[in-house]
Amino acid sequence: MRINTDQRVVIALGGNALGDTPEEQMARLRAITPSLVEMISHGNEIIITHGNGPQIGMIQDTFSYASEAGMAPAMGLPECSAMSQGYIGYHLQQALGVAMHKAYKRWHVATVVTQMEVDPDDPAFVHPTKPIGPFLTKEQADALKAKHPDMSFMEDSGRGWRRVVASPEPKKIVEAPSILNLLDNEFIPIACGGGGIPVIRDYSDKGAYKGVAAVIDKDMGAELLAEDCYAERLILLTAVEHACTGFGTPEQKEIEDIAADEAERLADAGEFGKGSMEPKVRAAIKFVRSRPGRTCVIGSLVKAPDVIDGLSGTTVHA
């Protein structure tokens, strides 16, 4: 496989855009993976990451219900994050395998269960903001809050209420050397799923890592992954076609191309959804400013081929 390292691309798949069931997720992945295989055929080197907000919530809710029924132990967020990385990574490996078989390619794919070091004093632990799990009605959220007073809920971009957890800033990808080694050996890595499993140093145990109850924002995890892998492009695939101003109002306007300074001004003015589009825009700004010539595209998962070809989505540049 001939690799052009000047065309290294990180592709991030939004967790909400992957559907609500395993069958729906697999169908959507099978629809986009031929485009990923085509990208590699054209000399690009790709690294794949993905969200896990709905999936991690589903996994933890399942264990919680089973625990209440005395059928299984409760499961913490770090363990649920690891499970979601394996579950989504497996589906990606399967879907890429089908696409490569049809294209007569025999490349290697590997999922890396990835830890992400965070600061234990990050203020996010005091103010949870990261939505996980399914969308709920206000009545459903209130009922869960009454049953689990330690949980927090917030309205998410006009689509319903969701549980929110701490979302600390990612500081270091623990498995970065392994990911780079896979790239050097012509693998397609799937890494930093859900932003990575948040971990901190435990100095009572010789500085070993231990998991913490939080979920890292997938887009900021993807941005750090793209920087660490020396990527030139970051592609954030989600449930909508463009970043917009006035989203959900009669004044809604799609953005096709925008400079980082203007994107930052709009984000600071509250033009993008706090739990949905704003993290993507913030990640795009950080990435394009990290090195000259870098670009980021935010677009729809179901229109992935057009986004990859530059025919759809919002392009952010320095």
# chains A, B, ... in the order shown; residues from 1 in each chain; ligands from 1

call {"tool": "closest_atom_pairs", "arguments": {"of": "segment 5-123 of chain A", "to": "segment 194-204 of chain A", "cutoff": "12 Å", "atoms": "only C-alpha atoms", "output": "tab-separated table"}}
result
residue	atom	partner	partner_atom	distance
A:Ala12	CA	A:Gly194	CA	9.7
A:Leu13	CA	A:Gly194	CA	9.6
A:Gly14	CA	A:Gly194	CA	8.9
A:Gly15	CA	A:Gly194	CA	7.8
A:Asn16	CA	A:Gly194	CA	11.2
A:Ile48	CA	A:Gly194	CA	11.4
A:Thr49	CA	A:Gly194	CA	7.7
A:His50	CA	A:Gly194	CA	5.8
A:Gly51	CA	A:Gly194	CA	4.2
A:Asn52	CA	A:Gly194	CA	4.6
A:Gly53	CA	A:Gly194	CA	7.0
A:Pro54	CA	A:Gly194	CA	10.1
A:Gln55	CA	A:Gly194	CA	9.3
A:Ile56	CA	A:Gly194	CA	8.6
A:Gly57	CA	A:Gly194	CA	11.6
A:Gly76	CA	A:Ile197	CA	11.4
A:Leu77	CA	A:Ile197	CA	8.6
A:Pro78	CA	A:Ile197	CA	5.8
A:Glu79	CA	A:Ile197	CA	8.3
A:Cys80	CA	A:Ile197	CA	9.1
A:Ser81	CA	A:Ile197	CA	6.0
A:Ala82	CA	A:Ile197	CA	6.6
A:Met83	CA	A:Ile197	CA	10.2
A:Ser84	CA	A:Gly194	CA	8.0
A:Gln85	CA	A:Gly194	CA	7.1
A:Gly86	CA	A:Gly194	CA	10.9
A:Tyr87	CA	A:Gly194	CA	11.6
A:Ile88	CA	A:Gly194	CA	9.8
A:Gly89	CA	A:Gly194	CA	10.8
A:Val112	CA	A:Gly196	CA	9.9
A:Val113	CA	A:Gly196	CA	7.9
A:Thr114	CA	A:Gly196	CA	5.2
A:Gln115	CA	A:Ile197	CA	4.5
A:Met116	CA	A:Pro198	CA	4.9
A:Glu117	CA	A:Val199	CA	4.9
A:Val118	CA	A:Ile200	CA	5.8
A:Asp119	CA	A:Ile200	CA	6.6
A:Pro120	CA	A:Ile200	CA	6.3
A:Asp121	CA	A:Ile200	CA	10.0
A:Asp122	CA	A:Ile200	CA	10.9

call {"tool": "select_by_dssp", "arguments": {"residues": "segment 106-164 of chain A", "states": "strand (DSSP E or B)", "output": "PDB file with N, CA, C and O atoms, in the first residue's frame"}}
result
ATOM      1  N   HIS A 108      -4.811  -3.913   6.537  1.00  0.00           N
ATOM      2  CA  HIS A 108      -5.033  -4.324   7.920  1.00  0.00           C
ATOM      3  C   HIS A 108      -5.736  -3.218   8.709  1.00  0.00           C
ATOM      4  O   HIS A 108      -5.439  -2.034   8.535  1.00  0.00           O
ATOM      5  N   VAL A 109      -6.631  -3.620   9.601  1.00  0.00           N
ATOM      6  CA  VAL A 109      -7.351  -2.683  10.456  1.00  0.00           C
ATOM      7  C   VAL A 109      -7.211  -3.164  11.900  1.00  0.00           C
ATOM      8  O   VAL A 109      -7.297  -4.369  12.167  1.00  0.00           O
ATOM      9  N   ALA A 110      -7.011  -2.239  12.835  1.00  0.00           N
ATOM     10  CA  ALA A 110      -6.899  -2.621  14.242  1.00  0.00           C
ATOM     11  C   ALA A 110      -7.528  -1.557  15.127  1.00  0.00           C
ATOM     12  O   ALA A 110      -7.306  -0.356  14.928  1.00  0.00           O
ATOM     13  N   THR A 111      -8.332  -2.001  16.090  1.00  0.00           N
ATOM     14  CA  THR A 111      -8.919  -1.098  17.080  1.00  0.00           C
ATOM     15  C   THR A 111      -8.031  -1.053  18.307  1.00  0.00           C
ATOM     16  O   THR A 111      -7.650  -2.089  18.852  1.00  0.00           O
ATOM     17  N   GLN A 115      -6.711   4.993  26.197  1.00  0.00           N
ATOM     18  CA  GLN A 115      -6.872   5.796  27.407  1.00  0.00           C
ATOM     19  C   GLN A 115      -6.430   7.237  27.130  1.00  0.00           C
ATOM     20  O   GLN A 115      -5.499   7.470  26.350  1.00  0.00           O
ATOM     21  N   MET A 116      -7.083   8.194  27.800  1.00  0.00           N
ATOM     22  CA  MET A 116      -6.760   9.598  27.635  1.00  0.00           C
ATOM     23  C   MET A 116      -6.510  10.217  29.009  1.00  0.00           C
ATOM     24  O   MET A 116      -7.413  10.245  29.864  1.00  0.00           O
ATOM     25  N   GLU A 117      -5.292  10.696  29.231  1.00  0.00           N
ATOM     26  CA  GLU A 117      -4.982  11.297  30.525  1.00  0.00           C
ATOM     27  C   GLU A 117      -5.642  12.666  30.649  1.00  0.00           C
ATOM     28  O   GLU A 117      -5.634  13.476  29.706  1.00  0.00           O
ATOM     29  N   LYS A 130     -21.318  17.080  29.545  1.00  0.00           N
ATOM     30  CA  LYS A 130     -21.268  16.187  28.381  1.00  0.00           C
ATOM     31  C   LYS A 130     -22.490  15.295  28.326  1.00  0.00           C
ATOM     32  O   LYS A 130     -22.717  14.458  29.207  1.00  0.00           O
ATOM     33  N   PRO A 131     -23.337  15.416  27.273  1.00  0.00           N
ATOM     34  CA  PRO A 131     -24.519  14.560  27.178  1.00  0.00           C
ATOM     35  C   PRO A 131     -24.142  13.118  26.835  1.00  0.00           C
ATOM     36  O   PRO A 131     -23.296  12.876  25.983  1.00  0.00           O
ATOM     37  N   ILE A 132     -24.771  12.170  27.501  1.00  0.00           N
ATOM     38  CA  ILE A 132     -24.636  10.756  27.158  1.00  0.00           C
ATOM     39  C   ILE A 132     -26.015  10.115  27.176  1.00  0.00           C
ATOM     40  O   ILE A 132     -26.963  10.657  27.749  1.00  0.00           O
ATOM     41  N   GLY A 133     -26.115   8.962  26.542  1.00  0.00           N
ATOM     42  CA  GLY A 133     -27.376   8.234  26.574  1.00  0.00           C
ATOM     43  C   GLY A 133     -28.407   8.778  25.606  1.00  0.00           C
ATOM     44  O   GLY A 133     -28.156   9.690  24.818  1.00  0.00           O
ATOM     45  N   PRO A 134     -29.634   8.242  25.667  1.00  0.00           N
ATOM     46  CA  PRO A 134     -30.680   8.610  24.715  1.00  0.00           C
ATOM     47  C   PRO A 134     -31.303   9.964  25.037  1.00  0.00           C
ATOM     48  O   PRO A 134     -31.150  10.502  26.137  1.00  0.00           O
ATOM     49  N   PHE A 135     -32.023  10.514  24.059  1.00  0.00           N
ATOM     50  CA  PHE A 135     -32.809  11.720  24.286  1.00  0.00           C
ATOM     51  C   PHE A 135     -34.078  11.345  25.057  1.00  0.00           C
ATOM     52  O   PHE A 135     -34.709  10.326  24.780  1.00  0.00           O
ATOM     53  N   LEU A 136     -34.429  12.177  26.027  1.00  0.00           N
ATOM     54  CA  LEU A 136     -35.566  11.913  26.896  1.00  0.00           C
ATOM     55  C   LEU A 136     -36.533  13.086  26.871  1.00  0.00           C
ATOM     56  O   LEU A 136     -36.166  14.215  26.523  1.00  0.00           O
ATOM     57  N   SER A 152     -27.231  14.237  36.679  1.00  0.00           N
ATOM     58  CA  SER A 152     -27.586  15.565  36.183  1.00  0.00           C
ATOM     59  C   SER A 152     -28.136  15.445  34.768  1.00  0.00           C
ATOM     60  O   SER A 152     -27.694  14.591  33.989  1.00  0.00           O
ATOM     61  N   PHE A 153     -29.096  16.323  34.421  1.00  0.00           N
ATOM     62  CA  PHE A 153     -29.714  16.299  33.095  1.00  0.00           C
ATOM     63  C   PHE A 153     -29.788  17.726  32.555  1.00  0.00           C
ATOM     64  O   PHE A 153     -29.876  18.687  33.314  1.00  0.00           O
ATOM     65  N   MET A 154     -29.757  17.832  31.209  1.00  0.00           N
ATOM     66  CA  MET A 154     -29.929  19.135  30.581  1.00  0.00           C
ATOM     67  C   MET A 154     -30.564  18.965  29.212  1.00  0.00           C
ATOM     68  O   MET A 154     -30.499  17.892  28.598  1.00  0.00           O
ATOM     69  N   GLU A 155     -31.197  20.032  28.738  1.00  0.00           N
ATOM     70  CA  GLU A 155     -31.795  20.023  27.407  1.00  0.00           C
ATOM     71  C   GLU A 155     -30.682  20.119  26.367  1.00  0.00           C
ATOM     72  O   GLU A 155     -29.713  20.858  26.538  1.00  0.00           O
ATOM     73  N   TRP A 161     -34.064  15.974  26.419  1.00  0.00           N
ATOM     74  CA  TRP A 161     -33.204  16.030  27.598  1.00  0.00           C
ATOM     75  C   TRP A 161     -32.283  14.817  27.627  1.00  0.00           C
ATOM     76  O   TRP A 161     -32.675  13.720  27.228  1.00  0.00           O
ATOM     77  N   ARG A 162     -31.048  15.035  28.109  1.00  0.00           N
ATOM     78  CA  ARG A 162     -30.094  13.941  28.207  1.00  0.00           C
ATOM     79  C   ARG A 162     -29.319  14.041  29.519  1.00  0.00           C
ATOM     80  O   ARG A 162     -29.169  15.140  30.085  1.00  0.00           O
ATOM     81  N   ARG A 163     -28.853  12.910  29.978  1.00  0.00           N
ATOM     82  CA  ARG A 163     -27.973  12.908  31.134  1.00  0.00           C
ATOM     83  C   ARG A 163     -26.647  13.571  30.761  1.00  0.00           C
ATOM     84  O   ARG A 163     -26.160  13.407  29.632  1.00  0.00           O
ATOM     85  N   VAL A 164     -26.070  14.336  31.688  1.00  0.00           N
ATOM     86  CA  VAL A 164     -24.773  14.958  31.447  1.00  0.00           C
ATOM     87  C   VAL A 164     -23.788  14.509  32.521  1.00  0.00           C
ATOM     88  O   VAL A 164     -24.154  14.316  33.693  1.00  0.00           O
TER      89      VAL A 164
END

call {"tool": "atom_distance", "arguments": {"atom1": "atom CA of Glu139 of chain A", "atom2": "atom CA of Ala72 of chain A"}}
result
27.6 Å

call {"tool": "residues_around", "arguments": {"residues": "Phe63 of chain A", "least_positions_apart": "6", "cutoff": "7 Å", "atoms": "only C-alpha atoms", "output": "list in words"}}
result
Ala72, Pro73, Ala74 and Met75 of chain A

call {"tool": "write_last_selection", "arguments": {"atoms": "all heavy atoms", "output": "mmCIF file, in the first residue's frame"}}
result
data_model
loop_
_atom_site.group_PDB
_atom_site.id
_atom_site.type_symbol
_atom_site.label_atom_id
_atom_site.label_comp_id
_atom_site.auth_asym_id
_atom_site.auth_seq_id
_atom_site.Cartn_x
_atom_site.Cartn_y
_atom_site.Cartn_z
ATOM 1 N N ALA A 72 -26.637 -8.627 37.576
ATOM 2 C CA ALA A 72 -25.281 -8.290 37.145
ATOM 3 C C ALA A 72 -24.775 -7.158 38.025
ATOM 4 O O ALA A 72 -25.572 -6.444 38.642
ATOM 5 C CB ALA A 72 -25.277 -7.859 35.674
ATOM 6 N N PRO A 73 -23.461 -6.962 38.086
ATOM 7 C CA PRO A 73 -22.940 -5.827 38.858
ATOM 8 C C PRO A 73 -23.166 -4.517 38.113
ATOM 9 O O PRO A 73 -23.319 -4.505 36.885
ATOM 10 C CB PRO A 73 -21.444 -6.142 38.966
ATOM 11 C CG PRO A 73 -21.152 -6.948 37.742
ATOM 12 C CD PRO A 73 -22.379 -7.781 37.504
ATOM 13 N N ALA A 74 -23.198 -3.407 38.850
ATOM 14 C CA ALA A 74 -23.197 -2.097 38.201
ATOM 15 C C ALA A 74 -21.845 -1.900 37.521
ATOM 16 O O ALA A 74 -20.844 -2.520 37.898
ATOM 17 C CB ALA A 74 -23.449 -1.008 39.232
ATOM 18 N N MET A 75 -21.816 -1.058 36.502
ATOM 19 C CA MET A 75 -20.586 -0.883 35.742
ATOM 20 C C MET A 75 -20.255 0.606 35.655
ATOM 21 O O MET A 75 -21.112 1.432 35.323
ATOM 22 C CB MET A 75 -20.755 -1.460 34.329
ATOM 23 C CG MET A 75 -19.457 -1.714 33.605
ATOM 24 S SD MET A 75 -18.399 -2.975 34.384
ATOM 25 C CE MET A 75 -19.410 -4.455 34.211
#

call {"tool": "residues_around", "arguments": {"residues": "segment 23-35 of chain A", "least_positions_apart": "2", "cutoff": "9 Å", "atoms": "only C-alpha atoms", "output": "ChimeraX atom specification"}}
result
/A:17-21,37-40,88,91-92,94-100,102-103,301-305,308

call {"tool": "atom_distance", "arguments": {"atom1": "atom CA of His242 of chain A", "atom2": "atom CA of Ala141 of chain A"}}
result
29.1 Å

call {"tool": "closest_residue", "arguments": {"among": "A:Ile235, A:Ala66, A:Met277, A:Met220", "to": "Phe247 of chain A", "atoms": "only C-alpha atoms"}}
result
A:Met277

call {"tool": "select_by_dssp", "arguments": {"residues": "segment 117-307 of chain A", "states": "helix (DSSP H, G or I)", "output": "ChimeraX atom specification"}}
result
/A:123-125,138-147,176-184,193-195,203-205,218-228,260-268,277-290,301-307

call {"tool": "residues_around", "arguments": {"residues": "Ser178 of chain A", "least_positions_apart": "2", "cutoff": "12 Å", "atoms": "only C-alpha atoms", "output": "list in words"}}
result
Ala110, Thr111, Val112, Val113, Thr114, Gln115, Ile173, Val174, Glu175, Ala176, Leu180, Asn181, Leu182, Leu183, Asp184, Asn185, Phe187, Pro189, Ile190, Ala191, Cys192, Asp228 and Cys229 of chain A

call {"tool": "atom_distance", "arguments": {"atom1": "atom CA of Asp61 of chain A", "atom2": "atom CA of Asp219 of chain A"}}
result
23.6 Å

call {"tool": "residues_around", "arguments": {"residues": "segment 252-257 of chain A", "least_positions_apart": "4", "cutoff": "6 Å", "atoms": "only C-alpha atoms", "output": "PyMOL selection string"}}
result
chain A and resi 242-247+314-315

call {"tool": "write_last_selection", "arguments": {"atoms": "N, CA, C and O atoms", "output": "CSV table (one decimal), in the first residue's frame"}}
result
chain,number,residue,atom,x,y,z
A,242,HIS,N,-24.2,20.8,7.8
A,242,HIS,CA,-23.3,22.0,8.0
A,242,HIS,C,-23.4,22.5,9.4
A,242,HIS,O,-24.4,22.3,10.1
A,243,ALA,N,-22.4,23.2,9.8
A,243,ALA,CA,-22.6,24.1,11.0
A,243,ALA,C,-23.4,25.3,10.5
A,243,ALA,O,-23.3,25.7,9.3
A,244,CYS,N,-24.3,25.8,11.4
A,244,CYS,CA,-25.2,26.8,11.0
A,244,CYS,C,-25.3,27.9,12.0
A,244,CYS,O,-25.0,27.7,13.2
A,245,THR,N,-25.6,29.1,11.6
A,245,THR,CA,-26.0,30.2,12.5
A,245,THR,C,-27.6,30.1,12.6
A,245,THR,O,-28.2,29.8,11.6
A,246,GLY,N,-28.1,30.5,13.7
A,246,GLY,CA,-29.5,30.5,13.9
A,246,GLY,C,-30.2,29.1,13.7
A,246,GLY,O,-31.3,29.0,13.2
A,247,PHE,N,-29.5,28.1,14.2
A,247,PHE,CA,-29.9,26.7,14.0
A,247,PHE,C,-31.3,26.5,14.6
A,247,PHE,O,-31.6,26.9,15.7
A,314,THR,N,-19.0,22.0,6.2
A,314,THR,CA,-18.4,23.3,6.5
A,314,THR,C,-16.9,23.2,6.7
A,314,THR,O,-16.4,22.4,7.5
A,315,THR,N,-16.2,23.9,5.8
A,315,THR,CA,-14.7,23.9,5.9
A,315,THR,C,-14.2,25.0,6.8
A,315,THR,O,-14.6,26.2,6.5

call {"tool": "residues_around", "arguments": {"residues": "Ser157 of chain A", "least_positions_apart": "3", "cutoff": "8 Å", "atoms": "only C-alpha atoms", "output": "list in words"}}
result
Gly160, Gly273, Lys274, Gly275 and Ser276 of chain A

call {"tool": "write_last_selection", "arguments": {"atoms": "C-alpha atoms", "output": "mmCIF file, in the first residue's frame"}}
result
data_model
loop_
_atom_site.group_PDB
_atom_site.id
_atom_site.type_symbol
_atom_site.label_atom_id
_atom_site.label_comp_id
_atom_site.auth_asym_id
_atom_site.auth_seq_id
_atom_site.Cartn_x
_atom_site.Cartn_y
_atom_site.Cartn_z
ATOM 1 C CA GLY A 160 -34.814 16.529 24.202
ATOM 2 C CA GLY A 273 -25.238 24.262 20.324
ATOM 3 C CA LYS A 274 -23.235 23.821 23.543
ATOM 4 C CA GLY A 275 -23.503 20.042 23.642
ATOM 5 C CA SER A 276 -23.548 19.387 19.907
#

call {"tool": "decode", "arguments": {"residues": "segment 186-211 of chain A", "atoms": "N, CA and C atoms", "output": "PDB file, in the first residue's frame"}}
result
ATOM      1  N   GLU A 186       1.555   0.371   8.218  1.00  0.00           N
ATOM      2  CA  GLU A 186       0.510   0.389   7.196  1.00  0.00           C
ATOM      3  C   GLU A 186      -0.813  -0.218   7.661  1.00  0.00           C
ATOM      4  N   PHE A 187      -1.135  -0.010   8.927  1.00  0.00           N
ATOM      5  CA  PHE A 187      -2.448  -0.371   9.450  1.00  0.00           C
ATOM      6  C   PHE A 187      -3.382   0.827   9.349  1.00  0.00           C
ATOM      7  N   ILE A 188      -4.676   0.543   9.348  1.00  0.00           N
ATOM      8  CA  ILE A 188      -5.703   1.562   9.530  1.00  0.00           C
ATOM      9  C   ILE A 188      -6.104   1.501  11.000  1.00  0.00           C
ATOM     10  N   PRO A 189      -5.677   2.463  11.829  1.00  0.00           N
ATOM     11  CA  PRO A 189      -6.016   2.399  13.253  1.00  0.00           C
ATOM     12  C   PRO A 189      -7.405   2.992  13.526  1.00  0.00           C
ATOM     13  N   ILE A 190      -8.113   2.365  14.442  1.00  0.00           N
ATOM     14  CA  ILE A 190      -9.340   2.917  14.996  1.00  0.00           C
ATOM     15  C   ILE A 190      -9.014   3.226  16.456  1.00  0.00           C
ATOM     16  N   ALA A 191      -9.011   4.505  16.828  1.00  0.00           N
ATOM     17  CA  ALA A 191      -8.458   4.874  18.132  1.00  0.00           C
ATOM     18  C   ALA A 191      -9.234   6.020  18.762  1.00  0.00           C
ATOM     19  N   CYS A 192      -9.014   6.202  20.069  1.00  0.00           N
ATOM     20  CA  CYS A 192      -9.613   7.310  20.835  1.00  0.00           C
ATOM     21  C   CYS A 192     -11.131   7.320  20.737  1.00  0.00           C
ATOM     22  N   GLY A 193     -11.743   6.147  20.653  1.00  0.00           N
ATOM     23  CA  GLY A 193     -13.203   6.083  20.583  1.00  0.00           C
ATOM     24  C   GLY A 193     -13.848   6.786  21.762  1.00  0.00           C
ATOM     25  N   GLY A 194     -14.869   7.607  21.466  1.00  0.00           N
ATOM     26  CA  GLY A 194     -15.536   8.362  22.512  1.00  0.00           C
ATOM     27  C   GLY A 194     -14.646   9.388  23.174  1.00  0.00           C
ATOM     28  N   GLY A 195     -13.558   9.782  22.500  1.00  0.00           N
ATOM     29  CA  GLY A 195     -12.605  10.717  23.082  1.00  0.00           C
ATOM     30  C   GLY A 195     -11.526  10.031  23.897  1.00  0.00           C
ATOM     31  N   GLY A 196     -11.659   8.708  24.076  1.00  0.00           N
ATOM     32  CA  GLY A 196     -10.712   7.974  24.907  1.00  0.00           C
ATOM     33  C   GLY A 196     -11.272   7.756  26.301  1.00  0.00           C
ATOM     34  N   ILE A 197     -10.780   6.737  26.986  1.00  0.00           N
ATOM     35  CA  ILE A 197     -11.209   6.459  28.360  1.00  0.00           C
ATOM     36  C   ILE A 197     -10.460   7.415  29.289  1.00  0.00           C
ATOM     37  N   PRO A 198     -11.154   8.289  30.024  1.00  0.00           N
ATOM     38  CA  PRO A 198     -10.444   9.254  30.864  1.00  0.00           C
ATOM     39  C   PRO A 198      -9.751   8.581  32.048  1.00  0.00           C
ATOM     40  N   VAL A 199      -8.457   8.885  32.202  1.00  0.00           N
ATOM     41  CA  VAL A 199      -7.665   8.311  33.286  1.00  0.00           C
ATOM     42  C   VAL A 199      -6.826   9.401  33.933  1.00  0.00           C
ATOM     43  N   ILE A 200      -6.457   9.178  35.192  1.00  0.00           N
ATOM     44  CA  ILE A 200      -5.552  10.074  35.910  1.00  0.00           C
ATOM     45  C   ILE A 200      -4.423   9.243  36.518  1.00  0.00           C
ATOM     46  N   ARG A 201      -3.356   9.914  36.898  1.00  0.00           N
ATOM     47  CA  ARG A 201      -2.249   9.247  37.566  1.00  0.00           C
ATOM     48  C   ARG A 201      -2.608   8.970  39.027  1.00  0.00           C
ATOM     49  N   ASP A 202      -2.357   7.769  39.469  1.00  0.00           N
ATOM     50  CA  ASP A 202      -2.579   7.389  40.861  1.00  0.00           C
ATOM     51  C   ASP A 202      -1.220   7.269  41.533  1.00  0.00           C
ATOM     52  N   TYR A 203      -0.808   8.337  42.228  1.00  0.00           N
ATOM     53  CA  TYR A 203       0.535   8.350  42.808  1.00  0.00           C
ATOM     54  C   TYR A 203       0.628   7.534  44.088  1.00  0.00           C
ATOM     55  N   SER A 204      -0.526   7.041  44.571  1.00  0.00           N
ATOM     56  CA  SER A 204      -0.470   6.079  45.668  1.00  0.00           C
ATOM     57  C   SER A 204      -0.135   4.686  45.152  1.00  0.00           C
ATOM     58  N   ASP A 205      -0.143   4.543  43.810  1.00  0.00           N
ATOM     59  CA  ASP A 205       0.164   3.262  43.171  1.00  0.00           C
ATOM     60  C   ASP A 205       1.279   3.458  42.142  1.00  0.00           C
ATOM     61  N   LYS A 206       2.325   4.190  42.549  1.00  0.00           N
ATOM     62  CA  LYS A 206       3.521   4.413  41.723  1.00  0.00           C
ATOM     63  C   LYS A 206       3.201   5.112  40.403  1.00  0.00           C
ATOM     64  N   GLY A 207       2.172   5.955  40.402  1.00  0.00           N
ATOM     65  CA  GLY A 207       1.855   6.733  39.208  1.00  0.00           C
ATOM     66  C   GLY A 207       1.128   5.970  38.131  1.00  0.00           C
ATOM     67  N   ALA A 208       0.599   4.791  38.452  1.00  0.00           N
ATOM     68  CA  ALA A 208      -0.169   4.030  37.463  1.00  0.00           C
ATOM     69  C   ALA A 208      -1.455   4.780  37.119  1.00  0.00           C
ATOM     70  N   TYR A 209      -1.999   4.488  35.954  1.00  0.00           N
ATOM     71  CA  TYR A 209      -3.252   5.130  35.546  1.00  0.00           C
ATOM     72  C   TYR A 209      -4.450   4.441  36.186  1.00  0.00           C
ATOM     73  N   LYS A 210      -5.473   5.237  36.504  1.00  0.00           N
ATOM     74  CA  LYS A 210      -6.751   4.676  36.929  1.00  0.00           C
ATOM     75  C   LYS A 210      -7.873   5.477  36.285  1.00  0.00           C
ATOM     76  N   GLY A 211      -8.970   4.805  35.960  1.00  0.00           N
ATOM     77  CA  GLY A 211     -10.091   5.442  35.297  1.00  0.00           C
ATOM     78  C   GLY A 211     -10.865   6.346  36.232  1.00  0.00           C
TER      79      GLY A 211
END
